[in-house]
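As stored in upload-v9.csv (CSV, C-alpha atoms):
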chain,number,residue,atom,x,y,z
T,1,MET,CA,0.0,0.0,0.0
T,2,MET,CA,1.4,3.4,-1.0
T,3,GLN,CA,1.6,5.9,1.8
T,4,PRO,CA,1.3,9.6,1.3
T,5,VAL,CA,4.2,11.7,2.4
T,6,VAL,CA,3.4,15.1,3.9
T,7,SER,CA,4.7,18.0,1.7
T,8,CYS,CA,6.3,21.0,3.3
T,9,SER,CA,6.0,23.1,0.2
T,10,LEU,CA,3.1,25.3,1.4
T,11,ILE,CA,3.5,29.0,0.7
T,12,ARG,CA,2.6,29.9,4.3
T,13,PRO,CA,3.4,28.1,7.6
T,14,MET,CA,0.7,26.1,9.1
T,15,THR,CA,-1.3,27.8,11.8
T,16,MET,CA,-3.7,26.4,14.4
T,17,PRO,CA,-7.0,25.6,12.6
T,18,VAL,CA,-8.9,24.9,15.8
T,19,ARG,CA,-11.4,27.5,17.2
T,20,MET,CA,-10.7,28.0,20.9
T,21,SER,CA,-13.9,28.3,22.9
T,22,HIS,CA,-14.4,29.4,26.4
T,23,SER,CA,-17.3,28.2,28.6
T,24,SER,CA,-18.9,30.1,31.4
T,25,GLY,CA,-18.7,27.1,33.8
T,26,PRO,CA,-15.7,25.2,35.2
T,27,VAL,CA,-13.4,23.6,32.6
T,28,LYS,CA,-13.8,19.9,32.4
T,29,LYS,CA,-10.9,17.5,32.1
T,30,THR,CA,-10.9,14.1,30.4
T,31,PRO,CA,-9.4,11.0,32.1
T,32,PHE,CA,-6.3,11.4,29.8
T,33,ASN,CA,-5.5,14.9,31.0
T,34,SER,CA,-2.5,14.0,33.1
T,35,LEU,CA,-1.1,11.9,30.3
T,36,HIS,CA,-1.4,14.8,27.8
T,37,LYS,CA,0.7,17.0,30.1
T,38,GLU,CA,3.2,14.3,30.8
T,39,LEU,CA,3.7,14.0,27.0
T,40,GLY,CA,4.1,17.7,26.5
T,41,GLY,CA,0.7,18.5,25.2
T,42,LYS,CA,-0.1,22.2,24.7
T,43,MET,CA,-3.5,22.6,26.4
T,44,ILE,CA,-6.4,24.9,25.4
T,45,GLU,CA,-10.0,25.3,26.4
T,46,PHE,CA,-12.2,23.7,23.7
T,47,PHE,CA,-16.0,24.0,24.3
T,48,GLY,CA,-15.6,23.7,28.0
T,49,TRP,CA,-12.9,21.0,28.0
T,50,GLU,CA,-9.2,21.3,28.6
T,51,MET,CA,-7.8,19.5,25.5
T,52,PRO,CA,-4.4,19.2,23.8
T,53,VAL,CA,-4.1,21.2,20.6
T,54,GLN,CA,-0.7,19.8,19.8
T,55,PHE,CA,2.2,17.8,21.1
T,56,PRO,CA,6.0,18.6,20.7
T,57,THR,CA,6.0,17.0,17.3
T,58,GLY,CA,3.7,19.9,16.1
T,59,VAL,CA,0.7,19.9,13.8
T,60,MET,CA,2.7,19.1,10.7
T,61,GLY,CA,4.4,16.2,12.4
T,62,GLU,CA,1.2,14.8,13.7
T,63,VAL,CA,-0.5,14.9,10.3
T,64,ALA,CA,2.5,13.0,8.8
T,65,LEU,CA,2.3,10.5,11.7
T,66,CYS,CA,-1.4,9.8,11.0
T,67,ARG,CA,-0.9,9.5,7.2
T,68,ASN,CA,2.2,7.3,7.5
T,69,GLY,CA,2.0,5.6,10.9
T,70,ALA,CA,-0.7,6.0,13.5
T,71,ALA,CA,-1.8,9.0,15.6
T,72,VAL,CA,-3.6,8.7,19.0
T,73,PHE,CA,-6.3,11.2,19.8
T,74,ASP,CA,-8.3,11.8,23.0
T,75,VAL,CA,-11.9,12.0,22.0
T,76,SER,CA,-13.4,11.7,25.5
T,77,HIS,CA,-15.1,15.1,25.1
T,78,MET,CA,-17.5,13.6,22.6
T,79,GLY,CA,-20.8,12.5,24.1
T,80,GLN,CA,-21.3,8.8,24.5
T,81,LEU,CA,-24.9,7.7,25.0
T,82,LYS,CA,-26.7,4.3,25.4
T,83,VAL,CA,-30.4,4.2,24.5
T,84,TYR,CA,-32.5,1.4,26.1
T,85,GLY,CA,-36.2,0.4,25.7
T,86,SER,CA,-38.3,-1.7,23.4
T,87,LYS,CA,-39.1,1.4,21.2
T,88,ARG,CA,-35.5,2.6,21.0
T,89,ILE,CA,-35.3,1.9,17.2
T,90,ASP,CA,-38.5,3.8,16.6
T,91,TRP,CA,-37.2,6.7,18.6
T,92,VAL,CA,-33.8,6.9,16.9
T,93,GLU,CA,-35.5,6.7,13.5
T,94,ARG,CA,-37.6,9.7,14.5
T,95,MET,CA,-34.5,11.6,15.6
T,96,THR,CA,-32.1,10.6,12.8
T,97,VAL,CA,-32.3,9.8,9.1
T,98,ALA,CA,-30.6,6.4,9.6
T,99,ASP,CA,-32.2,3.0,8.7
T,100,VAL,CA,-31.5,1.3,12.1
T,101,LYS,CA,-34.2,-1.3,11.6
T,102,ASN,CA,-32.2,-2.9,8.8
T,103,LEU,CA,-28.8,-2.2,10.4
T,104,PRO,CA,-27.1,-5.5,11.4
T,105,GLU,CA,-26.0,-5.9,15.0
T,106,ASN,CA,-22.6,-4.4,15.8
T,107,ASN,CA,-22.7,-2.2,12.7
T,108,ILE,CA,-22.4,1.6,12.8
T,109,LYS,CA,-24.0,4.3,10.7
T,110,LEU,CA,-23.0,8.0,10.3
T,111,SER,CA,-26.3,10.0,10.4
T,112,ILE,CA,-27.8,13.4,10.7
T,113,ILE,CA,-30.1,14.6,13.5
T,114,PRO,CA,-32.5,17.0,11.8
T,115,ASN,CA,-35.0,19.4,13.4
T,116,GLU,CA,-38.6,20.0,12.5
T,117,LYS,CA,-37.6,22.4,9.7
T,118,GLY,CA,-35.2,19.9,8.2
T,119,CYS,CA,-32.1,21.8,9.4
T,120,THR,CA,-29.2,20.0,11.2
T,121,VAL,CA,-29.1,19.7,14.9
T,122,ASP,CA,-26.0,17.6,14.9
T,123,ASP,CA,-24.3,14.8,13.1
T,124,THR,CA,-24.0,11.5,14.9
T,125,MET,CA,-22.8,7.9,14.9
T,126,VAL,CA,-25.4,5.2,15.7
T,127,THR,CA,-24.4,1.6,16.6
T,128,LYS,CA,-26.9,-1.2,16.8
T,129,CYS,CA,-26.1,-3.4,19.8
T,130,LYS,CA,-27.9,-6.4,21.2
T,131,ASP,CA,-29.9,-4.7,23.9
T,132,HIS,CA,-29.3,-1.0,23.3
T,133,LEU,CA,-28.2,1.6,20.8
T,134,TYR,CA,-24.8,3.3,21.2
T,135,ILE,CA,-24.8,6.9,20.0
T,136,ILE,CA,-22.0,9.5,19.7
T,137,VAL,CA,-22.7,13.2,19.5
T,138,ASN,CA,-20.5,16.3,19.3
T,139,SER,CA,-19.3,17.7,22.6
T,140,ALA,CA,-20.2,21.3,21.6
T,141,CYS,CA,-23.8,20.1,20.8
T,142,TYR,CA,-24.3,17.8,23.8
T,143,ASP,CA,-26.6,20.0,25.8
T,144,LYS,CA,-28.8,21.1,22.9
T,145,ASP,CA,-28.9,17.5,21.6
T,146,MET,CA,-30.1,16.1,24.9
T,147,LYS,CA,-32.8,18.8,25.1
T,148,HIS,CA,-33.9,18.0,21.6
T,149,PHE,CA,-33.9,14.2,22.3
T,150,LYS,CA,-35.8,14.5,25.5
T,151,LYS,CA,-38.5,16.6,23.8
T,152,TYR,CA,-39.6,13.5,22.0
T,153,LEU,CA,-39.1,10.8,24.6
T,154,SER,CA,-42.7,10.9,25.8
T,155,GLU,CA,-43.8,9.7,22.4
T,156,PHE,CA,-41.8,6.5,22.9
T,157,PRO,CA,-42.7,5.0,26.4
T,158,GLY,CA,-39.9,3.1,28.1
T,159,VAL,CA,-37.1,4.7,26.1
T,160,ARG,CA,-34.3,6.0,28.3
T,161,ILE,CA,-30.9,7.6,27.6
T,162,GLU,CA,-27.8,6.8,29.6
T,163,ASN,CA,-24.9,9.3,29.6
T,164,LEU,CA,-21.4,7.7,29.8
T,165,TYR,CA,-19.4,10.8,30.6
T,166,ASP,CA,-19.0,9.7,34.2
T,167,THR,CA,-18.1,6.1,33.5
T,168,HIS,CA,-16.1,6.0,30.2
T,169,ALA,CA,-13.4,7.7,28.2
T,170,MET,CA,-12.8,7.4,24.5
T,171,ILE,CA,-9.6,7.3,22.5
T,172,ALA,CA,-8.9,7.0,18.8
T,173,ILE,CA,-5.9,5.5,16.9
T,174,GLN,CA,-5.9,6.5,13.3
T,175,GLY,CA,-3.6,5.7,10.4
T,176,PRO,CA,-2.2,2.8,8.3
T,177,ALA,CA,-0.2,1.4,11.2
T,178,SER,CA,-3.3,1.3,13.5
T,179,GLU,CA,-4.3,-2.3,12.8
T,180,GLU,CA,-0.8,-3.7,13.5
T,181,ALA,CA,-0.6,-1.6,16.6
T,182,MET,CA,-3.9,-2.9,17.9
T,183,LYS,CA,-2.9,-6.5,17.2
T,184,THR,CA,0.0,-6.1,19.6
T,185,LEU,CA,-2.5,-5.1,22.4
T,186,LEU,CA,-5.3,-7.7,21.8
T,187,ASP,CA,-5.7,-11.3,22.7
T,188,LYS,CA,-4.7,-13.7,19.9
T,189,ASP,CA,-8.2,-14.5,18.6
T,190,LYS,CA,-9.3,-10.8,18.6
T,191,ALA,CA,-6.1,-9.8,16.9
T,192,ALA,CA,-6.7,-12.3,14.1
T,193,TYR,CA,-10.2,-10.9,13.7
T,194,LEU,CA,-8.9,-7.5,12.8
T,195,ASP,CA,-7.8,-8.8,9.4
T,196,LYS,CA,-11.4,-9.1,8.4
T,197,MET,CA,-13.1,-6.6,10.6
T,198,PRO,CA,-14.8,-4.1,8.2
T,199,PHE,CA,-14.9,-0.3,8.6
T,200,MET,CA,-18.0,0.9,10.6
T,201,THR,CA,-18.3,-2.2,12.7
T,202,ARG,CA,-17.5,-2.8,16.4
T,203,MET,CA,-16.5,-5.5,18.9
T,204,VAL,CA,-16.0,-5.8,22.6
T,205,ALA,CA,-12.5,-6.9,23.7
T,206,ARG,CA,-9.7,-6.7,26.2
T,207,VAL,CA,-7.1,-4.1,25.0
T,208,ALA,CA,-3.7,-3.8,26.7
T,209,GLY,CA,-5.0,-5.6,29.7
T,210,CYS,CA,-8.1,-3.3,29.9
T,211,ASP,CA,-11.3,-5.2,30.1
T,212,ASP,CA,-14.7,-4.2,28.5
T,213,CYS,CA,-13.3,-2.0,25.8
T,214,VAL,CA,-15.7,-1.3,22.9
T,215,ILE,CA,-13.7,-1.1,19.7
T,216,SER,CA,-15.3,0.7,16.7
T,217,ARG,CA,-13.5,0.6,13.4
T,218,SER,CA,-14.2,4.2,12.6
T,219,GLY,CA,-12.7,7.7,12.7
T,220,TYR,CA,-12.5,11.3,11.5
T,221,THR,CA,-9.3,11.4,9.5
T,222,GLY,CA,-10.0,9.5,6.3
T,223,GLU,CA,-7.6,6.8,7.4
T,224,ASP,CA,-8.2,3.3,8.7
T,225,GLY,CA,-8.4,3.3,12.5
T,226,PHE,CA,-10.3,2.6,15.6
T,227,GLU,CA,-12.2,4.5,18.3
T,228,ILE,CA,-12.2,2.8,21.7
T,229,SER,CA,-14.6,3.4,24.6
T,230,VAL,CA,-12.9,2.4,27.8
T,231,PRO,CA,-13.9,2.4,31.4
T,232,ARG,CA,-12.4,5.6,33.0
T,233,LYS,CA,-10.3,3.6,35.5
T,234,ASN,CA,-8.3,2.1,32.7
T,235,ALA,CA,-8.0,5.2,30.5
T,236,ILE,CA,-4.4,6.2,31.3
T,237,LYS,CA,-3.2,2.6,31.0
T,238,LEU,CA,-4.8,2.2,27.5
T,239,GLY,CA,-3.7,5.7,26.4
T,240,ARG,CA,-0.1,5.0,27.3
T,241,ALA,CA,-0.1,1.6,25.6
T,242,LEU,CA,-1.4,3.0,22.4
T,243,CYS,CA,1.1,5.9,22.3
T,244,ASN,CA,3.9,3.5,22.9
T,245,ALA,CA,2.8,1.0,20.2
T,246,PRO,CA,5.1,0.7,17.1
T,247,ASN,CA,4.9,3.7,14.8
T,248,CYS,CA,2.4,5.5,17.0
T,249,GLY,CA,2.3,8.7,19.0
T,250,PRO,CA,0.0,11.3,20.5
T,251,ALA,CA,-1.8,14.0,18.4
T,252,GLY,CA,-4.0,16.9,19.2
T,253,LEU,CA,-7.0,18.9,18.0
T,254,GLY,CA,-5.0,20.9,15.5
T,255,SER,CA,-3.9,17.9,13.4
T,256,ARG,CA,-7.3,16.3,13.8
T,257,ASP,CA,-8.9,19.3,12.2
T,258,THR,CA,-6.4,19.4,9.4
T,259,LEU,CA,-6.8,15.7,8.7
T,260,ARG,CA,-10.6,15.8,8.6
T,261,LEU,CA,-10.4,18.8,6.2
T,262,GLU,CA,-8.0,16.9,3.9
T,263,ALA,CA,-10.6,14.1,4.0
T,264,ALA,CA,-13.4,16.6,3.3
T,265,LEU,CA,-15.3,15.5,6.4
T,266,SER,CA,-17.9,17.9,7.8
T,267,LEU,CA,-17.4,19.8,11.0
T,268,TYR,CA,-20.6,20.8,12.9
T,269,GLY,CA,-20.8,24.5,13.5
T,270,GLN,CA,-18.9,25.3,10.3
T,271,ASP,CA,-19.9,22.9,7.4
T,272,LEU,CA,-23.1,21.9,9.1
T,273,ASP,CA,-25.5,24.0,11.3
T,274,ASP,CA,-29.0,24.5,12.3
T,275,LYS,CA,-29.7,27.0,9.5
T,276,SER,CA,-29.1,24.5,6.6
T,277,THR,CA,-30.1,21.0,5.6
T,278,LEU,CA,-28.0,17.9,5.0
T,279,VAL,CA,-28.9,18.3,1.3
T,280,GLU,CA,-27.3,21.7,1.1
T,281,ALA,CA,-24.2,20.2,2.8
T,282,GLY,CA,-24.0,17.6,0.1
T,283,LEU,CA,-24.9,14.7,2.4
T,284,ASN,CA,-27.8,13.1,0.5
T,285,TRP,CA,-26.0,9.8,0.7
T,286,VAL,CA,-26.6,9.5,4.5
T,287,VAL,CA,-30.4,9.0,3.8
T,288,PRO,CA,-30.8,5.4,2.9
T,289,LYS,CA,-33.4,4.0,0.4
T,290,ARG,CA,-36.1,3.0,3.0
T,291,ARG,CA,-36.0,6.3,4.7
T,292,ARG,CA,-36.3,8.2,1.4
T,293,GLN,CA,-39.4,6.1,0.6
T,294,GLU,CA,-41.0,6.1,4.1
T,295,GLY,CA,-39.7,9.3,5.7
T,296,GLY,CA,-40.8,9.4,9.3
T,297,PHE,CA,-37.9,11.5,10.6
T,298,LEU,CA,-38.2,15.1,11.8
T,299,GLY,CA,-38.1,17.5,8.8
T,300,ALA,CA,-38.6,14.7,6.3
T,301,SER,CA,-41.0,16.8,4.1
T,302,VAL,CA,-38.3,19.5,3.7
T,303,ILE,CA,-35.3,17.2,3.2
T,304,LEU,CA,-37.0,14.7,0.8
T,305,LYS,CA,-38.4,17.6,-1.3
T,306,GLN,CA,-34.9,19.1,-1.6
T,307,MET,CA,-33.5,15.7,-2.6
T,308,LYS,CA,-36.1,15.4,-5.3
T,309,GLU,CA,-36.2,19.0,-6.6
T,310,GLY,CA,-32.6,20.2,-5.9
T,311,VAL,CA,-31.4,23.1,-3.8
T,312,ALA,CA,-30.2,26.7,-4.6
T,313,LYS,CA,-26.8,26.2,-2.9
T,314,LYS,CA,-24.3,23.4,-2.4
T,315,ARG,CA,-21.1,22.5,-0.6
T,316,VAL,CA,-18.0,22.3,-2.8
T,317,GLY,CA,-14.4,21.6,-2.4
T,318,LEU,CA,-11.9,24.3,-3.5
T,319,ILE,CA,-8.2,24.4,-4.2
T,320,VAL,CA,-7.1,27.9,-3.3
T,321,ASP,CA,-4.0,29.5,-4.9
T,322,THR,CA,-1.3,31.1,-2.7
T,323,ALA,CA,-3.1,32.0,0.6
T,324,PRO,CA,-5.1,29.7,2.9
T,325,ALA,CA,-8.7,30.7,3.2
T,326,ARG,CA,-10.4,30.3,6.6
T,327,GLU,CA,-13.9,30.0,7.8
T,328,HIS,CA,-16.2,33.0,6.8
T,329,ALA,CA,-13.9,34.1,4.0
T,330,PRO,CA,-16.1,35.4,1.1
T,331,VAL,CA,-16.2,33.4,-2.2
T,332,LEU,CA,-16.5,35.5,-5.4
T,333,SER,CA,-17.3,34.8,-9.0
T,334,VAL,CA,-14.5,35.5,-11.5
T,335,THR,CA,-16.1,38.9,-12.1
T,336,GLY,CA,-15.8,39.8,-8.4
T,337,LYS,CA,-19.4,39.2,-7.3
T,338,GLU,CA,-19.7,37.8,-3.8
T,339,ILE,CA,-21.6,34.5,-4.2
T,340,GLY,CA,-20.7,32.3,-1.2
T,341,VAL,CA,-18.7,31.6,1.9
T,342,ILE,CA,-15.9,29.4,3.1
T,343,THR,CA,-17.1,27.1,5.8
T,344,SER,CA,-13.7,25.3,6.5
T,345,GLY,CA,-10.3,25.9,5.0
T,346,GLY,CA,-6.5,25.9,5.5
T,347,PRO,CA,-3.4,24.1,4.4
T,348,ALA,CA,-3.5,20.5,3.3
T,349,PRO,CA,0.1,19.5,4.0
T,350,THR,CA,-0.4,15.9,2.6
T,351,ILE,CA,-0.8,17.3,-0.9
T,352,GLY,CA,1.1,20.6,-0.4
T,353,LYS,CA,-1.9,22.8,-1.3
T,354,ASN,CA,-4.4,25.1,0.4
T,355,VAL,CA,-7.9,23.7,0.4
T,356,ALA,CA,-11.4,24.7,1.5
T,357,LEU,CA,-15.0,23.7,1.8
T,358,ALA,CA,-17.5,26.3,0.7
T,359,THR,CA,-21.1,26.9,0.2
T,360,VAL,CA,-21.9,28.4,-3.3
T,361,PRO,CA,-25.0,28.7,-5.6
T,362,THR,CA,-25.6,25.4,-7.4
T,363,GLU,CA,-24.7,26.9,-10.8
T,364,TYR,CA,-21.1,27.4,-9.5
T,365,SER,CA,-20.7,23.9,-8.1
T,366,SER,CA,-19.4,22.0,-11.1
T,367,ILE,CA,-15.9,20.5,-10.9
T,368,GLY,CA,-13.4,22.8,-12.6
T,369,THR,CA,-15.4,26.0,-12.1
T,370,LYS,CA,-13.1,29.0,-11.6
T,371,LEU,CA,-13.8,31.2,-8.6
T,372,LYS,CA,-12.0,33.6,-6.3
T,373,VAL,CA,-11.7,33.8,-2.5
T,374,LYS,CA,-11.1,37.0,-0.6
T,375,VAL,CA,-8.4,36.7,2.1
T,376,ARG,CA,-7.5,39.8,4.2
T,377,GLY,CA,-8.9,42.0,1.5
T,378,LYS,CA,-7.2,40.4,-1.5
T,379,ALA,CA,-8.8,38.1,-4.0
T,380,TYR,CA,-7.1,34.8,-4.8
T,381,ASN,CA,-7.9,32.3,-7.5
T,382,ALA,CA,-9.7,29.1,-6.6
T,383,THR,CA,-11.0,26.1,-8.4
T,384,VAL,CA,-13.9,23.8,-7.6
T,385,THR,CA,-12.3,20.3,-7.2
T,386,LYS,CA,-13.3,16.8,-6.4
T,387,GLN,CA,-13.7,15.7,-2.8
T,388,PRO,CA,-12.0,14.4,-0.7
T,389,PHE,CA,-8.7,16.3,-1.2
T,390,VAL,CA,-6.8,13.3,0.2
T,391,PRO,CA,-8.4,9.9,-0.7
T,392,HIS,CA,-10.0,7.9,2.1
T,393,ARG,CA,-8.2,4.7,3.0
T,394,TYR,CA,-10.8,2.9,5.1
T,395,LYS,CA,-10.5,-0.9,5.6
T,396,LYS,CA,-13.0,-1.7,2.9
T,397,ASP,CA,-10.9,0.4,0.4
T,398,LEU,CA,-7.6,-1.3,1.2

Could the structure of this file be written out as structure tokens, please?
Amino acid sequence: MMQPVVSCSLIRPMTMPVRMSHSSGPVKKTPFNSLHKELGGKMIEFFGWEMPVQFPTGVMGEVALCRNGAAVFDVSHMGQLKVYGSKRIDWVERMTVADVKNLPENNIKLSIIPNEKGCTVDDTMVTKCKDHLYIIVNSACYDKDMKHFKKYLSEFPGVRIENLYDTHAMIAIQGPASEEAMKTLLDKDKAAYLDKMPFMTRMVARVAGCDDCVISRSGYTGEDGFEISVPRKNAIKLGRALCNAPNCGPAGLGSRDTLRLEAALSLYGQDLDDKSTLVEAGLNWVVPKRRRQEGGFLGASVILKQMKEGVAKKRVGLIVDTAPAREHAPVLSVTGKEIGVITSGGPAPTIGKNVALATVPTEYSSIGTKLKVKVRGKAYNATVTKQPFVPHRYKKDL
């Protein structure tokens, strides 16, 4: 398998692509906090959590590590939920666009949580387990997601939601070396199973001597990898073992954001929000056939109509000449008319180019369309290009 090598030929040095956010309440710490500091992590406040933005290797080094080896990320700030009750599948199909009824046990689906108007409350991962559903939501959206969920619980008697923040941590290992690293930490039979474990499935196993770990083959970098839910008491032990595995090391929020941008993966609050629909974000593919036919989810009338008739604006990928264009930068036509906006953007060190995700009128969304992006008052040439910017290399694609 060919491995991409990170280019250092960018015109401008890489800067922090992560939005720092300050909360009004006390800052929360994940169970890995002391390990981050021991490993030299530079800590920032991120939506109420003290999190590492980078380690001594730096953002560029961490991106290279993930693309060529394996990077280890603390994702304990994400909301982990278990949903119980005989009507749990009916409830989750009301809350999301996923087809959970037909989802095989221990399989995972990326989905969207729409509101009554069809706009996006959050994106989510739903796993179908034997006696419950396991759901991941964004940390910045956790409070509003829970409020939204609870609003509809009364329609589904017996359904209850369990929050795992107090009992579990979550850590991700991402990159082409992640499977071999995991094999060194698993029992022999579970290690052998990794050879055939598909992307977007899960299993329960003992990892590095830590019992009751839920291993999902999933991630947010475009690479093969795993996200592991672990009881809090074993978090440091597992984190240390992963960071010390062959060709592995710690990575922070800065590189994670760069990696997901290279992979053209949406970030809620920038590429997705509660003022636009999944169709406008170019995510029609998350609505499976049965849900398109039957509807039944919140905002279905709006979303399904847009899928049938089209929308006035779309998300596109851009290659931007010379200067990196960040969130909120205006997108212009070649004649200088302002037509859209950058939702995410910055350097893509793996390919040595500046890239961006943007929302533009549909007539400007064709591959190869020439546009301009305004950065610090100056217009730079940009071209609509195929997404992702760096090809995905999930297990099914290897």

**Q.** Residue contacts of T:Lys130 (10 Å, all atoms listed in the file) excluding same-chain residues fewer than 5 positions away, as a list in words
**A.**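 Residues meeting the cut-off are Pro104, Glu105 and Asn106 of chain T.
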
Q) What does the distance between atom CA of T:Ala323 and atom CA of T:Pro349 come to in Å, to one decimal place? A)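 A separation of 13.3 Å between them.
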
Q) Which distance in Å separates atom CA of T:Met170 and atom CA of T:Glu227, to one decimal? A)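 We find that atom CA of T:Met170 and atom CA of T:Glu227 lie 6.9 Å from each other.
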
Q. Hey, which of T:Ala245, T:Val100, T:Met146, T:Ile339 ends up closest to T:Glu179? Count all atoms listed in the file.
A.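 Closest candidate: T:Ala245.
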
Q.
When you count only C-alpha atoms, which of these residues is closest to T:Leu265: T:Leu332, T:Ala177, T:Val375, T:Leu110?
A.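 Nearest candidate to T:Leu265 out of T:Leu332, T:Ala177, T:Val375, T:Leu110: T:Leu110.
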
**Q.** One-decimal distance in Å that lies between atom CA of T:Tyr84 and atom CA of T:Ala172
**A.** 25.3 Å

Q) Which is closer to T:Lys28 than all the others in T:Tyr165, T:Asp211, T:Arg240, T:Thr124, using all atoms listed in the file? A)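 So, comparing all the options, the nearest one is T:Tyr165.
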
(Q) With all atoms listed in the file as the counted atoms, please give the residues lying no more than 7 Å from T:Asp274, apart from itself and same-chain residues fewer than 2 positions off, as a PyMOL selection string. (A) chain T and resi 119-121+276

Non-local contacts of T:Ala181 (10 Å; all atoms listed in the file; under 3 positions in same chain excluded) as a PDB file with C-alpha atoms, in the coordinates of the input:
ATOM      1  CA  GLY T  69       2.000   5.600  10.900  1.00  0.00           C
ATOM      2  CA  ALA T  70      -0.700   6.000  13.500  1.00  0.00           C
ATOM      3  CA  ILE T 173      -5.900   5.500  16.900  1.00  0.00           C
ATOM      4  CA  PRO T 176      -2.200   2.800   8.300  1.00  0.00           C
ATOM      5  CA  ALA T 177      -0.200   1.400  11.200  1.00  0.00           C
ATOM      6  CA  SER T 178      -3.300   1.300  13.500  1.00  0.00           C
ATOM      7  CA  THR T 184       0.000  -6.100  19.600  1.00  0.00           C
ATOM      8  CA  LEU T 185      -2.500  -5.100  22.400  1.00  0.00           C
ATOM      9  CA  LEU T 186      -5.300  -7.700  21.800  1.00  0.00           C
ATOM     10  CA  ALA T 191      -6.100  -9.800  16.900  1.00  0.00           C
ATOM     11  CA  ALA T 241      -0.100   1.600  25.600  1.00  0.00           C
ATOM     12  CA  LEU T 242      -1.400   3.000  22.400  1.00  0.00           C
ATOM     13  CA  CYS T 243       1.100   5.900  22.300  1.00  0.00           C
ATOM     14  CA  ASN T 244       3.900   3.500  22.900  1.00  0.00           C
ATOM     15  CA  ALA T 245       2.800   1.000  20.200  1.00  0.00           C
ATOM     16  CA  PRO T 246       5.100   0.700  17.100  1.00  0.00           C
ATOM     17  CA  ASN T 247       4.900   3.700  14.800  1.00  0.00           C
ATOM     18  CA  CYS T 248       2.400   5.500  17.000  1.00  0.00           C
TER      19      CYS T 248
END

**Q.** Who sits within 9 Å of T:Gly282, all atoms listed in the file, same chain under 2 positions skipped, as a list in words
**A.** Thr277, Leu278, Val279, Glu280, Asn284, Trp285, Lys314, Arg315 and Val316 of chain T

(Q) Can you tell me which residues surround T:His328 at a distance of at most 12 Å, considering only C-alpha atoms, apart from same-chain residues fewer than 4 positions away, and format the answer as JSON, numbers by chain? (A) {"T": [269, 270, 271, 340, 341, 342, 343, 344, 345, 356, 357, 358, 359, 373, 374, 375, 376]}

Q. Between T:Gly346, T:Gly225, T:Gly310, T:Gly175, which one has atoms that come closest to T:Arg202, using only C-alpha atoms?
A.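 Answer, going by the shortest atom-to-atom distance: T:Gly225.
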
Q. Taking into account all atoms listed in the file, which residue in the set T:Met307, T:Val331, T:Ala251, T:Cys213 is nearest to T:Ala71?
A.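 Among the listed residues, the smallest separation from T:Ala71 belongs to T:Ala251.
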
**Q.** Selected residue, from T:Ile136, T:Ala208, T:Met200, T:Leu298, that lies nearest to T:Met95 when counting only C-alpha atoms
**A.**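 Checking each of T:Ile136, T:Ala208, T:Met200, T:Leu298 against T:Met95, counting only C-alpha atoms, the winner is T:Leu298.
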